[in-house]
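Student: Structure file entry-v5.csv (CSV, N, CA and C atoms) right here:
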chain,number,residue,atom,x,y,z
A,1,HIS,N,18.6,9.5,3.6
A,1,HIS,CA,17.8,8.8,2.6
A,1,HIS,C,18.2,7.3,2.6
A,2,SER,N,17.3,6.5,2.2
A,2,SER,CA,17.5,5.0,2.0
A,2,SER,C,17.6,4.7,0.5
A,3,TYR,N,18.7,4.2,0.1
A,3,TYR,CA,18.8,3.9,-1.3
A,3,TYR,C,19.0,2.4,-1.6
A,4,GLY,N,18.5,2.0,-2.7
A,4,GLY,CA,18.7,0.6,-3.0
A,4,GLY,C,18.3,0.3,-4.5
A,5,ARG,N,18.5,-0.9,-4.9
A,5,ARG,CA,18.1,-1.3,-6.3
A,5,ARG,C,17.1,-2.4,-6.2
A,6,PRO,N,15.9,-2.2,-6.8
A,6,PRO,CA,14.9,-3.2,-6.9
A,6,PRO,C,15.4,-4.4,-7.7
A,7,GLU,N,14.8,-5.5,-7.5
A,7,GLU,CA,15.2,-6.7,-8.3
A,7,GLU,C,15.1,-6.6,-9.8
A,8,THR,N,14.1,-5.7,-10.2
A,8,THR,CA,13.8,-5.6,-11.6
A,8,THR,C,14.5,-4.5,-12.3
A,9,SER,N,15.5,-3.8,-11.7
A,9,SER,CA,16.1,-2.6,-12.3
A,9,SER,C,17.5,-2.5,-11.8
A,10,GLU,N,18.3,-1.9,-12.6
A,10,GLU,CA,19.7,-1.5,-12.2
A,10,GLU,C,19.8,-0.1,-11.7
A,11,LYS,N,18.6,0.6,-11.7
A,11,LYS,CA,18.6,2.0,-11.4
A,11,LYS,C,18.6,2.1,-9.8
A,12,LEU,N,19.5,2.9,-9.3
A,12,LEU,CA,19.5,3.2,-7.9
A,12,LEU,C,18.4,4.1,-7.5
A,13,GLN,N,17.6,3.8,-6.5
A,13,GLN,CA,16.4,4.5,-6.2
A,13,GLN,C,16.5,5.0,-4.7
A,14,CYS,N,15.9,6.1,-4.4
A,14,CYS,CA,15.8,6.6,-3.0
A,14,CYS,C,14.7,5.8,-2.3
A,15,TYR,N,13.5,5.6,-3.0
A,15,TYR,CA,12.4,4.8,-2.5
A,15,TYR,C,12.2,3.7,-3.4
A,16,LEU,N,12.4,2.5,-2.8
A,16,LEU,CA,12.3,1.3,-3.7
A,16,LEU,C,10.8,1.1,-4.1
A,17,GLY,N,10.6,0.7,-5.3
A,17,GLY,CA,9.3,0.4,-5.8
A,17,GLY,C,9.3,0.3,-7.3
A,18,LEU,N,8.2,0.0,-7.9
A,18,LEU,CA,8.1,-0.2,-9.3
A,18,LEU,C,7.6,1.0,-10.0
A,19,GLU,N,8.0,1.3,-11.2
A,19,GLU,CA,7.6,2.5,-11.9
A,19,GLU,C,6.1,2.5,-12.2
A,20,ASP,N,5.6,1.3,-12.5
A,20,ASP,CA,4.2,1.1,-12.8
A,20,ASP,C,3.5,1.0,-11.4
A,21,THR,N,2.8,2.1,-11.0
A,21,THR,CA,2.3,2.2,-9.6
A,21,THR,C,1.2,1.1,-9.3
A,22,ALA,N,0.4,0.7,-10.3
A,22,ALA,CA,-0.6,-0.4,-10.1
A,22,ALA,C,0.1,-1.7,-9.8
A,23,GLU,N,1.2,-2.0,-10.5
A,23,GLU,CA,2.0,-3.2,-10.2
A,23,GLU,C,2.7,-3.1,-8.8
A,24,ASP,N,3.2,-1.9,-8.5
A,24,ASP,CA,3.8,-1.6,-7.2
A,24,ASP,C,2.8,-1.9,-6.1
A,25,VAL,N,1.6,-1.4,-6.2
A,25,VAL,CA,0.6,-1.6,-5.2
A,25,VAL,C,0.3,-3.1,-5.1
A,26,LYS,N,0.1,-3.8,-6.2
A,26,LYS,CA,-0.2,-5.2,-6.2
A,26,LYS,C,1.0,-6.0,-5.5
A,27,THR,N,2.2,-5.7,-5.8
A,27,THR,CA,3.4,-6.3,-5.2
A,27,THR,C,3.4,-6.1,-3.7
A,28,ARG,N,3.2,-4.9,-3.3
A,28,ARG,CA,3.2,-4.5,-1.8
A,28,ARG,C,2.1,-5.3,-1.1
A,29,LEU,N,0.9,-5.4,-1.7
A,29,LEU,CA,-0.2,-6.1,-1.1
A,29,LEU,C,0.1,-7.6,-1.0
A,30,THR,N,0.8,-8.1,-2.0
A,30,THR,CA,1.2,-9.6,-1.9
A,30,THR,C,2.2,-9.8,-0.8
A,31,ILE,N,3.2,-8.9,-0.6
A,31,ILE,CA,4.1,-9.0,0.4
A,31,ILE,C,3.4,-8.9,1.8
A,32,MET,N,2.5,-8.0,1.9
A,32,MET,CA,1.8,-7.8,3.2
A,32,MET,C,0.9,-9.1,3.5
A,33,GLN,N,0.3,-9.6,2.4
A,33,GLN,CA,-0.5,-10.8,2.6
A,33,GLN,C,0.4,-12.0,3.1
A,34,ASP,N,1.5,-12.1,2.5
A,34,ASP,CA,2.5,-13.2,3.0
A,34,ASP,C,2.8,-13.0,4.5
A,35,ALA,N,3.1,-11.7,4.8
A,35,ALA,CA,3.5,-11.4,6.2
A,35,ALA,C,2.3,-11.7,7.2
A,36,VAL,N,1.1,-11.4,6.8
A,36,VAL,CA,-0.1,-11.7,7.6
A,36,VAL,C,-0.3,-13.2,7.8
A,37,GLU,N,-0.1,-13.9,6.7
A,37,GLU,CA,-0.3,-15.4,6.7
A,37,GLU,C,0.7,-16.0,7.6
A,38,LYS,N,2.0,-15.5,7.6
A,38,LYS,CA,3.0,-16.1,8.4
A,38,LYS,C,2.8,-15.8,9.9
A,39,ALA,N,2.3,-14.5,10.1
A,39,ALA,CA,1.9,-14.2,11.5
A,39,ALA,C,0.8,-15.0,12.0
A,40,TYR,N,-0.2,-15.3,11.2
A,40,TYR,CA,-1.3,-16.1,11.6
A,40,TYR,C,-0.8,-17.6,11.9
A,41,THR,N,0.0,-18.1,11.1
A,41,THR,CA,0.5,-19.4,11.3
A,41,THR,C,1.2,-19.6,12.6
A,42,ILE,N,2.0,-18.7,13.0
A,42,ILE,CA,2.8,-18.8,14.3
A,42,ILE,C,2.0,-18.3,15.5
A,43,SER,N,0.9,-17.7,15.3
A,43,SER,CA,0.1,-17.0,16.4
A,43,SER,C,-0.6,-18.0,17.3
A,44,SER,N,-1.0,-17.6,18.5
A,44,SER,CA,-1.8,-18.3,19.3
A,44,SER,C,-3.2,-18.5,18.7
A,45,LYS,N,-3.8,-19.6,18.8
A,45,LYS,CA,-5.2,-19.8,18.3
A,45,LYS,C,-6.2,-19.6,19.4
A,46,ASP,N,-5.8,-19.2,20.6
A,46,ASP,CA,-6.7,-18.9,21.7
A,46,ASP,C,-7.5,-17.7,21.4
A,47,ASP,N,-8.9,-17.9,21.3
A,47,ASP,CA,-9.8,-16.8,21.0
A,47,ASP,C,-9.8,-15.7,22.0
A,48,SER,N,-9.4,-16.0,23.2
A,48,SER,CA,-9.4,-14.9,24.2
A,48,SER,C,-8.2,-14.1,24.2
A,49,ALA,N,-7.2,-14.4,23.4
A,49,ALA,CA,-6.0,-13.6,23.3
A,49,ALA,C,-6.1,-12.7,22.1
A,50,LEU,N,-5.8,-11.4,22.3
A,50,LEU,CA,-5.7,-10.4,21.3
A,50,LEU,C,-4.4,-10.5,20.5
A,51,LYS,N,-4.5,-10.7,19.3
A,51,LYS,CA,-3.3,-10.8,18.4
A,51,LYS,C,-3.1,-9.4,17.7
A,52,ILE,N,-1.9,-8.9,17.8
A,52,ILE,CA,-1.6,-7.6,17.2
A,52,ILE,C,-0.6,-7.7,16.0
A,53,PHE,N,-0.9,-7.3,14.9
A,53,PHE,CA,0.0,-7.3,13.7
A,53,PHE,C,0.4,-5.8,13.4
A,54,LEU,N,1.6,-5.6,13.5
A,54,LEU,CA,2.2,-4.2,13.3
A,54,LEU,C,3.1,-4.2,12.0
A,55,ALA,N,2.7,-3.6,11.0
A,55,ALA,CA,3.4,-3.5,9.8
A,55,ALA,C,4.5,-2.4,9.9
A,56,PRO,N,5.5,-2.4,9.0
A,56,PRO,CA,6.5,-1.3,9.1
A,56,PRO,C,5.9,0.0,8.6
A,57,GLU,N,6.2,1.0,9.3
A,57,GLU,CA,5.7,2.4,9.0
A,57,GLU,C,6.2,2.7,7.6
A,58,PHE,N,5.4,3.4,6.8
A,58,PHE,CA,5.7,3.8,5.5
A,58,PHE,C,6.0,2.7,4.5
A,59,PHE,N,5.4,1.5,4.8
A,59,PHE,CA,5.5,0.4,3.8
A,59,PHE,C,4.8,0.8,2.5
A,60,PHE,N,3.7,1.5,2.6
A,60,PHE,CA,2.9,1.9,1.4
A,60,PHE,C,3.3,3.3,1.0
A,61,ARG,N,4.5,3.3,0.4
A,61,ARG,CA,5.1,4.6,-0.1
A,61,ARG,C,5.6,4.2,-1.5
A,62,GLY,N,5.2,5.0,-2.5
A,62,GLY,CA,5.5,4.7,-3.9
A,62,GLY,C,7.0,5.0,-4.2
A,63,VAL,N,7.3,4.6,-5.5
A,63,VAL,CA,8.7,4.8,-5.9
A,63,VAL,C,9.2,6.3,-5.9
A,64,ASN,N,8.2,7.2,-6.0
A,64,ASN,CA,8.5,8.6,-5.9
A,64,ASN,C,8.4,9.2,-4.5
A,65,GLY,N,8.2,8.3,-3.5
A,65,GLY,CA,8.1,8.7,-2.2
A,65,GLY,C,6.7,8.8,-1.7
A,66,ALA,N,5.7,8.8,-2.7
A,66,ALA,CA,4.3,8.9,-2.4
A,66,ALA,C,3.5,8.4,-3.6
A,67,PHE,N,2.3,7.9,-3.3
A,67,PHE,CA,1.4,7.6,-4.4
A,67,PHE,C,0.6,8.9,-4.8
A,68,GLY,N,0.5,9.1,-6.0
A,68,GLY,CA,-0.2,10.3,-6.5
A,68,GLY,C,-1.7,10.2,-6.3
A,69,LEU,N,-2.3,11.3,-5.7
A,69,LEU,CA,-3.8,11.4,-5.6
A,69,LEU,C,-4.3,11.8,-7.0
A,70,LEU,N,-5.5,11.3,-7.3
A,70,LEU,CA,-6.1,11.6,-8.6
A,70,LEU,C,-7.3,12.4,-8.4
A,71,ARG,N,-7.7,13.2,-9.5
A,71,ARG,CA,-9.0,13.9,-9.5
A,71,ARG,C,-10.0,12.8,-9.7
A,72,GLU,N,-11.3,13.1,-9.4
A,72,GLU,CA,-12.4,12.2,-9.5
A,72,GLU,C,-12.5,11.7,-11.0
A,73,GLU,N,-12.4,12.6,-11.9
A,73,GLU,CA,-12.5,12.2,-13.3
A,73,GLU,C,-11.4,11.3,-13.8
A,74,GLU,N,-10.2,11.5,-13.2
A,74,GLU,CA,-9.1,10.6,-13.5
A,74,GLU,C,-9.3,9.2,-12.9
A,75,GLU,N,-9.8,9.1,-11.6
A,75,GLU,CA,-10.1,7.9,-11.0
A,75,GLU,C,-11.1,7.0,-11.8
A,76,ASP,N,-12.0,7.7,-12.4
A,76,ASP,CA,-13.0,6.9,-13.2
A,76,ASP,C,-12.4,6.2,-14.4
A,77,GLU,N,-11.2,6.8,-14.9
A,77,GLU,CA,-10.6,6.2,-16.1
A,77,GLU,C,-9.6,5.1,-15.7
A,78,ILE,N,-9.2,5.0,-14.4
A,78,ILE,CA,-8.2,4.1,-14.0
A,78,ILE,C,-8.7,3.0,-13.1
A,79,ASN,N,-8.3,1.8,-13.3
A,79,ASN,CA,-8.7,0.6,-12.4
A,79,ASN,C,-10.2,0.6,-12.0
A,80,GLY,N,-11.0,0.9,-13.0
A,80,GLY,CA,-12.5,0.8,-12.7
A,80,GLY,C,-12.9,1.8,-11.6
A,81,GLY,N,-12.3,3.0,-11.6
A,81,GLY,CA,-12.7,4.0,-10.6
A,81,GLY,C,-12.0,3.9,-9.3
A,82,CYS,N,-11.0,3.1,-9.2
A,82,CYS,CA,-10.3,2.9,-7.9
A,82,CYS,C,-8.8,3.2,-8.1
A,83,SER,N,-8.3,4.3,-7.6
A,83,SER,CA,-6.9,4.8,-7.7
A,83,SER,C,-6.0,3.8,-6.9
A,84,ASP,N,-4.7,4.1,-6.9
A,84,ASP,CA,-3.7,3.3,-6.2
A,84,ASP,C,-4.1,3.3,-4.7
A,85,ILE,N,-4.4,4.5,-4.1
A,85,ILE,CA,-4.8,4.6,-2.7
A,85,ILE,C,-6.0,3.7,-2.4
A,86,CYS,N,-7.0,3.8,-3.3
A,86,CYS,CA,-8.2,3.0,-3.2
A,86,CYS,C,-7.8,1.5,-3.2
A,87,GLN,N,-7.0,1.1,-4.2
A,87,GLN,CA,-6.6,-0.3,-4.3
A,87,GLN,C,-5.9,-0.8,-3.0
A,88,ILE,N,-5.0,0.1,-2.4
A,88,ILE,CA,-4.4,-0.3,-1.2
A,88,ILE,C,-5.4,-0.5,-0.1
A,89,LEU,N,-6.3,0.4,0.1
A,89,LEU,CA,-7.3,0.3,1.2
A,89,LEU,C,-8.2,-0.9,1.0
A,90,ARG,N,-8.7,-1.1,-0.2
A,90,ARG,CA,-9.5,-2.2,-0.5
A,90,ARG,C,-8.8,-3.6,-0.3
A,91,GLY,N,-7.5,-3.6,-0.8
A,91,GLY,CA,-6.7,-4.8,-0.6
A,91,GLY,C,-6.5,-5.2,0.8
A,92,LEU,N,-6.2,-4.2,1.6
A,92,LEU,CA,-6.0,-4.4,3.1
A,92,LEU,C,-7.3,-4.9,3.7
A,93,GLU,N,-8.4,-4.2,3.4
A,93,GLU,CA,-9.7,-4.6,3.9
A,93,GLU,C,-10.0,-6.1,3.6
A,94,MET,N,-9.8,-6.5,2.3
A,94,MET,CA,-10.1,-7.8,1.9
A,94,MET,C,-9.1,-8.8,2.6
A,95,LEU,N,-7.9,-8.4,2.8
A,95,LEU,CA,-6.9,-9.3,3.4
A,95,LEU,C,-7.3,-9.7,4.8
A,96,VAL,N,-8.0,-8.8,5.6
A,96,VAL,CA,-8.3,-9.1,7.0
A,96,VAL,C,-9.8,-9.4,7.2
A,97,ALA,N,-10.6,-9.5,6.2
A,97,ALA,CA,-12.0,-9.7,6.4
A,97,ALA,C,-12.4,-11.1,6.8
A,98,ASP,N,-11.4,-12.0,6.8
A,98,ASP,CA,-11.7,-13.4,7.1
A,98,ASP,C,-12.0,-13.5,8.6
A,99,LYS,N,-13.0,-14.4,8.9
A,99,LYS,CA,-13.5,-14.6,10.3
A,99,LYS,C,-12.3,-15.0,11.2
A,100,ARG,N,-11.3,-15.6,10.7
A,100,ARG,CA,-10.2,-16.1,11.6
A,100,ARG,C,-9.4,-14.9,12.2
A,101,PHE,N,-9.7,-13.7,11.7
A,101,PHE,CA,-9.0,-12.5,12.2
A,101,PHE,C,-9.9,-11.7,13.2
A,102,GLU,N,-11.0,-12.3,13.7
A,102,GLU,CA,-11.9,-11.5,14.6
A,102,GLU,C,-11.2,-11.0,15.8
A,103,ASP,N,-10.2,-11.8,16.3
A,103,ASP,CA,-9.5,-11.3,17.6
A,103,ASP,C,-8.1,-10.8,17.3
A,104,TRP,N,-8.0,-10.1,16.1
A,104,TRP,CA,-6.7,-9.5,15.7
A,104,TRP,C,-6.9,-8.0,15.6
A,105,LEU,N,-5.8,-7.3,15.9
A,105,LEU,CA,-5.8,-5.8,15.6
A,105,LEU,C,-4.7,-5.6,14.6
A,106,PHE,N,-5.0,-5.0,13.5
A,106,PHE,CA,-4.0,-4.8,12.4
A,106,PHE,C,-3.7,-3.3,12.4
A,107,LEU,N,-2.4,-3.0,12.4
A,107,LEU,CA,-1.9,-1.6,12.2
A,107,LEU,C,-1.0,-1.6,11.0
A,108,PHE,N,-1.5,-1.2,9.9
A,108,PHE,CA,-0.8,-1.2,8.6
A,108,PHE,C,0.0,0.0,8.4
A,109,GLY,N,0.0,1.0,9.3
A,109,GLY,CA,0.9,2.2,9.1
A,109,GLY,C,0.3,3.2,8.2
A,110,THR,N,1.1,4.1,7.7
A,110,THR,CA,0.7,5.2,6.9
A,110,THR,C,0.8,4.9,5.4
A,111,VAL,N,-0.2,5.3,4.6
A,111,VAL,CA,-0.1,5.3,3.2
A,111,VAL,C,0.3,6.8,2.8
A,112,ILE,N,1.4,6.9,2.1
A,112,ILE,CA,1.9,8.3,1.7
A,112,ILE,C,1.3,8.6,0.4
A,113,ALA,N,0.7,9.8,0.3
A,113,ALA,CA,0.0,10.2,-0.9
A,113,ALA,C,0.4,11.7,-1.1
A,114,SER,N,0.4,12.1,-2.4
A,114,SER,CA,0.7,13.5,-2.7
A,114,SER,C,-0.2,13.9,-3.9
A,115,GLU,N,-0.3,15.2,-4.1
A,115,GLU,CA,-0.9,15.8,-5.2
A,115,GLU,C,-0.1,17.0,-5.8
A,116,VAL,N,-0.2,17.2,-7.1
A,116,VAL,CA,0.5,18.3,-7.7
A,116,VAL,C,-0.5,19.5,-7.8
A,117,LEU,N,-0.1,20.7,-7.4
A,117,LEU,CA,-0.9,21.9,-7.5
A,117,LEU,C,-0.2,22.9,-8.4
A,118,ASP,N,-1.0,23.6,-9.2
A,118,ASP,CA,-0.4,24.7,-10.0
A,118,ASP,C,-0.1,25.9,-9.1
A,119,ASP,N,0.3,27.0,-9.7
A,119,ASP,CA,0.7,28.2,-8.9
A,119,ASP,C,-0.5,28.8,-8.2
A,120,ASP,N,-1.7,28.5,-8.7
A,120,ASP,CA,-2.9,29.0,-8.0
A,120,ASP,C,-3.5,28.1,-7.0
A,121,GLY,N,-2.9,27.0,-6.8
A,121,GLY,CA,-3.3,26.0,-5.8
A,121,GLY,C,-4.4,25.0,-6.3
A,122,ASN,N,-4.5,25.0,-7.6
A,122,ASN,CA,-5.5,24.0,-8.3
A,122,ASN,C,-4.8,22.7,-8.6
A,123,ARG,N,-5.5,21.6,-8.5
A,123,ARG,CA,-4.9,20.3,-8.8
A,123,ARG,C,-4.5,20.3,-10.2
A,124,VAL,N,-3.4,19.7,-10.5
A,124,VAL,CA,-2.8,19.4,-11.8
A,124,VAL,C,-3.0,18.0,-12.2
A,125,LYS,N,-3.4,17.7,-13.4
A,125,LYS,CA,-3.6,16.3,-13.8
A,125,LYS,C,-2.3,15.5,-13.5
A,126,ASN,N,-2.5,14.3,-12.9
A,126,ASN,CA,-1.4,13.5,-12.5
A,126,ASN,C,-1.0,12.7,-13.8
A,127,ASP,N,0.3,12.7,-14.1
A,127,ASP,CA,0.8,12.0,-15.3
A,127,ASP,C,1.4,10.7,-14.9
A,128,ASP,N,1.3,10.1,-13.7
A,128,ASP,CA,1.8,8.8,-13.3
A,128,ASP,C,1.2,7.7,-14.1
As structure tokens, please, write out the structure in this file.
Tutor:
Amino acid sequence: HSYGRPETSEKLQCYLGLEDTAEDVKTRLTIMQDAVEKAYTISSKDDSALKIFLAPEFFFRGVNGAFGLLREEEEDEINGGCSDICQILRGLEMLVADKRFEDWLFLFGTVIASEVLDDDGNRVKNDD
């Protein structure tokens, strides 16, 4: 396991992140945006050259090891119908939609998600 303390807490955590998953996603997207901007700044501006951005694997992993999947009715109540996973995907899409990235390949890695099932295999309401 990888353990550490986030800047905002004294609590030792196995997976670093914020307890508020919406803030955690926002912070991770900001970090990723900064990394993409730095990569663009130092990259070749030659349109014939393919630029490849490779993010760390499992960068999008929540404080509990995964972001919780929500039922459709729960998604409608949160973030205007967009869950944490949805916010990550939309955020990454918006990040690279700029014309200057036409000759780039982005590999953002895996987004880890989980869902809670009851003994009968039915989804349980997510309390995150």
Student: Have a look at atom CA of A:Phe67 and atom CA of A:Tyr40 and let me know their distance in Å, one decimal.
Tutor: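 Pair atom CA of A:Phe67 / atom CA of A:Tyr40 returns 28.7 Å.
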Student: Just to confirm, what's the straight-line distance from atom C of A:Ala39 to atom N of A:Thr110 in Å (one decimal)?
Tutor: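 Computing it gives 19.6 Å between the two atoms.
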Student: May I ask which of the residues A:Tyr15, A:Phe101, A:Asn122, A:Leu95 is the closest one to A:Met32, counting only N, CA and C atoms?
Tutor: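 Answer, going by the shortest atom-to-atom distance: A:Leu95.
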Student: What is the distance between atom C of A:Phe60 and atom CA of A:Asp98, in Å to one decimal?
Tutor: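 Atom-to-atom, atom C of A:Phe60 and atom CA of A:Asp98 are spaced 23.3 Å apart.
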Student: Of the candidates A:Leu69, A:Leu117, A:Ala35, A:Ala97, which one gets nearest to A:Asp84 if we count only N, CA and C atoms?
Tutor: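 Residue with the minimum atom-to-atom distance to A:Asp84: A:Leu69.
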Student: With only C-alpha atoms as the basis for distance, which of A:Asp20, A:Glu37, A:Glu57, A:Glu115 is at the shortest distance from A:Arg100?
Tutor: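 Smallest separation from A:Arg100 among the options: A:Glu37.
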Student: Name all residues at most 7 Å from A:Lys51 (count all atoms listed in the file; drop same-chain ones fewer than 4 positions away) and give them as a PyMOL selection string.
Tutor: chain A and resi 103-106
Student: Kindly indicate which residue among A:Val36, A:Ser48, A:Gly68, A:Leu54 lies nearest to A:Ala22, using only C-alpha atoms for the distances.
Tutor: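 Selected residue with least distance to A:Ala22: A:Gly68.
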Student: Could you pull out the alpha helix (DSSP H) residues of stretch 83-125 of chain A from DSSP and send them as a PyMOL selection string?
Tutor: chain A and resi 84-96
Student: Select, from A:Ile42, A:Ala55, A:Leu50, A:Leu92, the residue with the minimum atom-to-atom distance to A:Thr30, counting only C-alpha atoms.
Tutor: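 Residue with the minimum atom-to-atom distance to A:Thr30: A:Leu92.
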